[in-house]
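To keep things clear, I will list the structure first and then write my remarks on it.
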Amino acid sequence: MRECIEEYPDEVKTHTALHVVKGAVVRVLGEEALWTASTYVSGKHGRLTVKFNRKLTPEEVKAIEELANKKVEEDLKIEVKILPRGEAERIYGNIIYDLFPIPGEIRELSIVIIYDTDGSIWNINACNKQHVKSTRCIGKIKLEKPRFRASKQLLEIPFNIES
Ligand SMILES: [Zn+2]
């Protein structure tokens, strides 16, 4: 088993965990959970909020947590590509975006790609924050009980990292 040999601040690890958890959310819940509405990070605590239409079963929560941690253990590579905005959109499409818009005057995007073990894309997002170089460096991800806000059709998924 490979270990993370680099040191990162908690915020960087927790932020990177958002990308891994999002990949697991989409795999478990499907395309309806594709759009991120907001994210929050404080120390080792994070929260991913996606557009969704119902609350989750305990089995789904467990499946998301297990899948996210499987991807941590597999030590997936994280690559950051700086691309002109138009080119990034042509290559990857709208999937790079979240529900909160990137201002139109920003013409160059930092595209964060987590590659799965088979070379396919586990998660992709235009994001200008700092990330760890591979998922092992995040540490263990523990999901807290998600909250579904029916009036806004938002699913909040809080978690903590243990490292
Ligand atoms: Zn990011």
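Chain labels run A, B, ... following the order of the structure tokens; each chain numbers its residues from 1, and ligands are numbered from 1 in the order shown.
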
Exercise answer, 6 Å around ligand 1 with only C-alpha atoms and all ligand atoms, as a compact mmCIF listing (two decimals) with C-alpha atoms, in the first residue's frame:
```
# COMPACT_ATOMS: atom_id res chain seq x y z
CA THR A 16 -9.79 17.55 -2.51
CA CYS A 127 -11.54 24.71 -9.78
CA LYS A 129 -8.17 25.90 -5.36
```

Checklist entry - Which of region 30-158 of chain A counts as helix (DSSP H, G or I) under DSSP, as a ChimeraX atom specification please? => result /A:31-33,58-73,85-96,135-138

Next on the checklist: What's around Thr57 (chain A) at 12 Å? Count only C-alpha atoms, leave out sequence neighbours fewer than 3 positions away in its own chain, and write the answer as a list in words.
Outcome noted: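 Here the answer would be Val28, Leu29, Arg54, Glu60, Val61, Lys62, Ala63, Ile64, Lys145, Pro146, Arg147 and Phe148 of chain A.
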
Would you save the residues from that selection as a short mmCIF file (atom, residue, chain, number, x, y, z; two decimals), in the first residue's frame, using N, CA and C atoms?
```
data_model
loop_
_atom_site.label_atom_id
_atom_site.label_comp_id
_atom_site.auth_asym_id
_atom_site.auth_seq_id
_atom_site.Cartn_x
_atom_site.Cartn_y
_atom_site.Cartn_z
N VAL A 28 -23.28 6.57 -7.31
CA VAL A 28 -24.31 5.90 -6.51
C VAL A 28 -25.71 6.43 -6.84
N LEU A 29 -25.85 7.74 -7.01
CA LEU A 29 -27.18 8.35 -7.17
C LEU A 29 -27.56 8.60 -8.62
N ARG A 54 -34.58 13.98 -3.59
CA ARG A 54 -35.11 13.19 -2.46
C ARG A 54 -34.01 12.97 -1.42
N GLU A 60 -27.59 3.99 0.79
CA GLU A 60 -26.96 4.87 -0.20
C GLU A 60 -25.83 5.68 0.43
N VAL A 61 -26.05 6.15 1.65
CA VAL A 61 -25.01 6.92 2.34
C VAL A 61 -23.78 6.03 2.53
N LYS A 62 -24.03 4.79 2.96
CA LYS A 62 -22.93 3.84 3.18
C LYS A 62 -22.20 3.55 1.86
N ALA A 63 -22.97 3.40 0.80
CA ALA A 63 -22.36 3.09 -0.51
C ALA A 63 -21.47 4.24 -0.98
N ILE A 64 -21.92 5.48 -0.77
CA ILE A 64 -21.13 6.65 -1.18
C ILE A 64 -19.83 6.69 -0.37
N LYS A 145 -24.55 12.38 8.55
CA LYS A 145 -25.89 12.16 8.01
C LYS A 145 -26.26 13.30 7.04
N PRO A 146 -26.56 12.95 5.79
CA PRO A 146 -26.94 13.99 4.83
C PRO A 146 -28.30 14.61 5.19
N ARG A 147 -28.48 15.81 4.72
CA ARG A 147 -29.75 16.51 4.95
C ARG A 147 -30.34 16.89 3.60
N PHE A 148 -31.61 16.53 3.41
CA PHE A 148 -32.29 16.90 2.17
C PHE A 148 -33.20 18.10 2.43
#
```

Checklist entry - Near region 122-125 of chain A, within 6 Å and counting only C-alpha atoms, which residues show up once chain neighbours fewer than 6 positions away are dropped, as a ChimeraX atom specification? => result /A:23,96,111-116

Checklist entry - Running DSSP on the backbone, which parts of region 48-158 of chain A land in strand (DSSP E), as an NGL selection string? => result :A and (48-51 or 78-84 or 108-115 or 121-126 or 140-143 or 147-149 or 154-158)

Checklist entry - Counting only C-alpha atoms, which of A:Leu143, A:Ala88, A:Leu18, A:Val50 gets nearest to Glu156 (chain A)? => result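 When distances to Glu156 (chain A) are compared using only C-alpha atoms, the smallest one comes from A:Val50.
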
Checklist entry - In Å, with one decimal, what is the gap from CA of Ala37 (chain A) to CA of Ala150 (chain A)? => result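 CA of Ala150 (chain A) lies at a distance of 14.1 Å from CA of Ala37 (chain A).
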
Checklist entry - Between A:Lys44, A:Lys152, A:Lys140, A:Lys22, which is the closest to Glu73 (chain A) once you count only C-alpha atoms? => result A:Lys140

Item to check | Shell around Val20 (chain A) at 12 Å using only C-alpha atoms, local window under 6 positions removed, as a PyMOL selection string | outcome: chain A and resi 13-14+26-27+46+48+64-78+112-116+121-125+131-132+134-141+159+161

Checklist entry - If you measure from CA of Glu6 (chain A) to CA of Asp98 (chain A), what distance in Å do you get, rounded to one decimal? => result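 About the pair CA of Glu6 (chain A) and CA of Asp98 (chain A): they are 29.1 Å apart.
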
Checklist entry - What separation in Å, quoted to one decimal, exists between CA of Glu162 (chain A) and CA of Glu79 (chain A)? => result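 Result for CA of Glu162 (chain A) versus CA of Glu79 (chain A): 23.1 Å, one decimal.
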
Checklist entry - Quick one: of A:Lys142, A:Lys51, A:Lys81, A:Lys133, who's nearest to Leu34 (chain A), counting only C-alpha atoms? => result A:Lys51

Checklist entry - So, counting only C-alpha atoms, which residue among A:Gly104, A:Ser42, A:Leu99, A:Val25 is closest to Pro9 (chain A)? => result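 Among the listed residues, the smallest separation from Pro9 (chain A) belongs to A:Ser42.
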